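Trainee: I'd like to ask you about the structure that follows.
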Amino acid sequence: MQASVLSGPQYLREGLKLVLSPGLRLFVLLPLAVNLLLFVGLIYVAGHQFSLWVDTLMPTLPSWLSFLNYLLWPLFVVLVGLMVFFTFTMLANVIAAPFNGFLAEKVEVVVRGNDPFPDFSWAELVAMVPRTLSRELRKLGYFAPRALALFILSWIPVVNIIAAPLWLLFGIWMMAIQYIDYPADNNKLSWQDMLAWLRAKRWQSLGFGGSVYLVLLIPFVNILMMPAAVAGATLFWVRERA
């Protein structure tokens with residue numbers, strides 16, 4: 001189990017090396033531009049609303065328990081941070097889905113070495129848009145009811161203390177689904193079969209998802225690490241499917 005979990009960071013490191021290589025840099029530029037624009041928007045919105053969101057979620061305690069506010073406030077800062085981060089990540093991946101799918105396709109060609117690396121084609125990229133967006137909607141259908149349940153839990157006094165660790169665990173699992181789905185979709189693996197395969201590779205998937213989640217929490221670094229996660233997930237797919 002330990003070796004399986006530790007394979008996740010290795011895939012991510014190798015993915016970063018791949019997207020920085022000369023043959024793949026071109027396919028990283030568009031996802032980077034999308035991520036940069038969304039990240040700037042996130043900073044602007046969160047800077048104006050973050051404190052308000054924390055205060056809104058914080059439970060109202062009687063005066064004799066007011067000392068607990070000092071203990072609960074950091075927890076709810078983390079909770080709001082996880083919710084904002086997760087929303088940003090899902091939105092960025094929906095918008096960048098065609099570019100990420102195209103990047104995963106090119107990474108797989110390079111890793112397998114079966115075909116010469118093709119020239120960039122806008123026609124090929126445009127042709128991927130309907131399929132990749134349809135798959136993103138399927139991810140949202142999986143994500144939304146679970147995220148809604150966690151969001152409701154976040155508003156229930158006392159019980160919402162466990163919301164932060166549950167958001168973290170769910171986020172790690174969703175990162176594995178989000179990124180490994182790109183090469184799985186390119187190889188025509190159905191949604192249900194993809195989920196079943198990830199469950200069969202549970203510890204490897206959580207190791208990879210946890211690594212991605214951790215680096216995406218780092219401001220500015222996360223802009224580059226999103227394409228790296230696509231490349232790392234493709235490496236995961238190629239090697240674990242072998």
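By order in the structure tokens, chains are A, B, ...; within a chain, residues start at 1; ligands start at 1, following the order shown.
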Quick one: everything within 9 Å of range 144-154 of chain A, counting only C-alpha atoms, minus sequence neighbours fewer than 2 positions away in the same chain. Send it as a list in words.
Mentor: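 Here the answer would be Leu57, Leu79, Met83, Lys139, Leu140, Gly141, Tyr142, Ile156, Pro157, Val159, Asn160, Ile161, Ile162, Ala163, Ala164, Leu166, Trp167 and Phe170 of chain A.
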Trainee: For the residues in the current selection, export N, CA, C and O atoms as a tab-separated table (two decimals), in the first residue's frame.
Mentor:
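Generated file (again_23.tsv):
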chain	number	residue	atom	x	y	z
A	57	LEU	N	-20.32	31.29	8.10
A	57	LEU	CA	-20.32	29.87	8.44
A	57	LEU	C	-20.04	29.61	9.91
A	57	LEU	O	-20.44	28.58	10.46
A	79	LEU	N	-11.92	25.63	6.09
A	79	LEU	CA	-13.11	25.15	5.39
A	79	LEU	C	-13.45	26.04	4.20
A	79	LEU	O	-13.67	25.55	3.08
A	83	MET	N	-13.29	25.15	0.13
A	83	MET	CA	-14.46	25.32	-0.73
A	83	MET	C	-14.15	26.24	-1.91
A	83	MET	O	-14.51	25.95	-3.05
A	139	LYS	N	-18.83	14.70	-15.11
A	139	LYS	CA	-18.09	14.89	-13.86
A	139	LYS	C	-18.87	15.79	-12.91
A	139	LYS	O	-18.94	15.53	-11.70
A	140	LEU	N	-19.44	16.85	-13.47
A	140	LEU	CA	-20.23	17.75	-12.63
A	140	LEU	C	-21.45	17.04	-12.04
A	140	LEU	O	-21.84	17.30	-10.90
A	141	GLY	N	-22.03	16.12	-12.83
A	141	GLY	CA	-23.15	15.34	-12.32
A	141	GLY	C	-22.75	14.44	-11.17
A	141	GLY	O	-23.55	14.15	-10.27
A	142	TYR	N	-21.52	13.98	-11.18
A	142	TYR	CA	-20.98	13.17	-10.08
A	142	TYR	C	-20.63	14.05	-8.89
A	142	TYR	O	-20.89	13.71	-7.73
A	156	ILE	N	-24.46	23.23	9.26
A	156	ILE	CA	-25.11	22.65	10.44
A	156	ILE	C	-24.20	22.84	11.66
A	156	ILE	O	-23.08	22.33	11.68
A	157	PRO	N	-24.65	23.60	12.65
A	157	PRO	CA	-23.80	23.87	13.82
A	157	PRO	C	-23.31	22.57	14.47
A	157	PRO	O	-24.01	21.56	14.49
A	159	VAL	N	-21.97	19.92	13.91
A	159	VAL	CA	-21.64	18.88	12.94
A	159	VAL	C	-20.68	19.39	11.88
A	159	VAL	O	-19.88	18.63	11.34
A	160	ASN	N	-20.77	20.71	11.57
A	160	ASN	CA	-19.93	21.24	10.50
A	160	ASN	C	-18.43	21.24	10.84
A	160	ASN	O	-17.60	21.56	10.00
A	161	ILE	N	-18.09	20.86	12.05
A	161	ILE	CA	-16.68	20.75	12.41
A	161	ILE	C	-15.98	19.68	11.57
A	161	ILE	O	-14.80	19.78	11.25
A	162	ILE	N	-16.73	18.63	11.18
A	162	ILE	CA	-16.13	17.55	10.39
A	162	ILE	C	-16.17	17.86	8.89
A	162	ILE	O	-15.68	17.06	8.08
A	163	ALA	N	-16.73	19.01	8.51
A	163	ALA	CA	-16.87	19.33	7.08
A	163	ALA	C	-15.51	19.50	6.41
A	163	ALA	O	-15.31	19.06	5.27
A	164	ALA	N	-14.57	20.16	7.09
A	164	ALA	CA	-13.26	20.42	6.48
A	164	ALA	C	-12.53	19.14	6.10
A	164	ALA	O	-12.07	19.00	4.96
A	166	LEU	N	-13.78	16.23	5.53
A	166	LEU	CA	-14.56	15.55	4.48
A	166	LEU	C	-14.36	16.24	3.13
A	166	LEU	O	-14.25	15.57	2.09
A	167	TRP	N	-14.32	17.58	3.12
A	167	TRP	CA	-14.03	18.31	1.88
A	167	TRP	C	-12.64	17.92	1.36
A	167	TRP	O	-12.44	17.76	0.15
A	170	PHE	N	-12.79	14.32	-0.09
A	170	PHE	CA	-13.54	14.35	-1.34
A	170	PHE	C	-12.75	15.05	-2.44
A	170	PHE	O	-12.75	14.61	-3.60
Trainee: I need the residue nearest Gln178 in chain A from this list: A:Trp237, A:Lys201, A:Val94, A:Ser190. Use only C-alpha atoms for the distance.
Mentor: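 Using only C-alpha atoms, Gln178 in chain A sits closest to A:Val94.
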Trainee: If I take CA of Pro9 in chain A and CA of Trp197 in chain A, how far is one from the other in Å, to one decimal?
Mentor: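 Value for the CA of Pro9 in chain A-CA of Trp197 in chain A distance: 19.4 Å.
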Trainee: When you draw a straight line from CA of Phe99 in chain A to CA of Leu32 in chain A, how long is it in Å?
Mentor: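 Atom-to-atom, CA of Phe99 in chain A to CA of Leu32 in chain A, that is 9.8 Å.
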Trainee: Need the shell around range 14-24 of chain A: protein/DNA/RNA residues with any atom at most 10 Å away, counting only C-alpha atoms. Skip same-chain ones fewer than 2 positions apart. Format as a list in words?
Mentor: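 Answer for this query is Pro9, Gln10, Tyr11, Leu12, Leu26, Phe27, Val28, Leu29, Leu103, Lys106, Val107, Val110, Val111, Phe117, Pro118, Asp119, Leu224, Met225, Met226, Pro227, Ala228, Ala229, Val230, Ala231, Gly232, Ala233, Thr234, Leu235 and Phe236 of chain A.
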Trainee: Quick one: residues within 10 Å of Asp185 in chain A, only C-alpha atoms, excluding same-chain residues fewer than 2 positions away - as a list in words?
Mentor: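 Near Asp185 in chain A, the qualifying residues are Gly101, Ala104, Glu105, Arg131, Thr132, Arg135, Ile180, Asp181, Tyr182, Pro183, Asn187, Lys188, Leu189, Ser190, Trp191 and Met194 of chain A.
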Trainee: Mind writing the picked residues with N, CA and C atoms as a compact mmCIF listing (two decimals), in the first residue's frame?
Mentor:
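To be explicit, this is the file written out as again.txt:
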# COMPACT_ATOMS: atom_id res chain seq x y z
N GLY A 101 -7.70 17.79 -22.67
CA GLY A 101 -7.87 16.54 -23.40
C GLY A 101 -6.88 16.43 -24.54
N ALA A 104 -3.43 15.75 -23.05
CA ALA A 104 -3.31 14.35 -22.64
C ALA A 104 -3.06 13.44 -23.84
N GLU A 105 -3.73 13.75 -24.94
CA GLU A 105 -3.54 12.95 -26.16
C GLU A 105 -2.10 13.04 -26.66
N ARG A 131 -17.01 16.40 -27.20
CA ARG A 131 -16.80 15.20 -26.39
C ARG A 131 -16.27 15.54 -25.01
N THR A 132 -15.28 16.43 -24.95
CA THR A 132 -14.68 16.76 -23.66
C THR A 132 -15.65 17.52 -22.77
N ARG A 135 -18.09 15.14 -21.28
CA ARG A 135 -17.48 14.39 -20.18
C ARG A 135 -17.38 15.26 -18.93
N ILE A 180 -7.29 11.94 -14.35
CA ILE A 180 -7.11 10.65 -15.00
C ILE A 180 -8.21 10.40 -16.02
N ASP A 181 -9.31 11.11 -15.89
CA ASP A 181 -10.39 10.96 -16.87
C ASP A 181 -9.98 11.44 -18.26
N TYR A 182 -9.03 12.38 -18.36
CA TYR A 182 -8.64 12.88 -19.68
C TYR A 182 -8.06 11.77 -20.56
N PRO A 183 -7.02 11.04 -20.11
CA PRO A 183 -6.54 9.94 -20.95
C PRO A 183 -7.55 8.80 -21.06
N ASN A 187 -9.12 7.35 -24.64
CA ASN A 187 -9.05 5.94 -25.00
C ASN A 187 -10.42 5.26 -24.97
N LYS A 188 -11.48 6.09 -24.96
CA LYS A 188 -12.87 5.62 -25.09
C LYS A 188 -13.31 4.70 -23.95
N LEU A 189 -12.73 4.89 -22.76
CA LEU A 189 -13.19 4.15 -21.59
C LEU A 189 -14.42 4.84 -21.03
N SER A 190 -15.49 4.11 -20.81
CA SER A 190 -16.73 4.72 -20.33
C SER A 190 -16.55 5.29 -18.93
N TRP A 191 -17.46 6.18 -18.56
CA TRP A 191 -17.39 6.82 -17.25
C TRP A 191 -17.42 5.79 -16.12
N MET A 194 -14.29 3.78 -15.99
CA MET A 194 -13.19 4.58 -15.47
C MET A 194 -13.24 4.64 -13.94
Trainee: In Å, how far is it from CA of Glu108 in chain A to CA of Ala176 in chain A?
Mentor: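 That distance, rounded to one decimal, is 17.4 Å.
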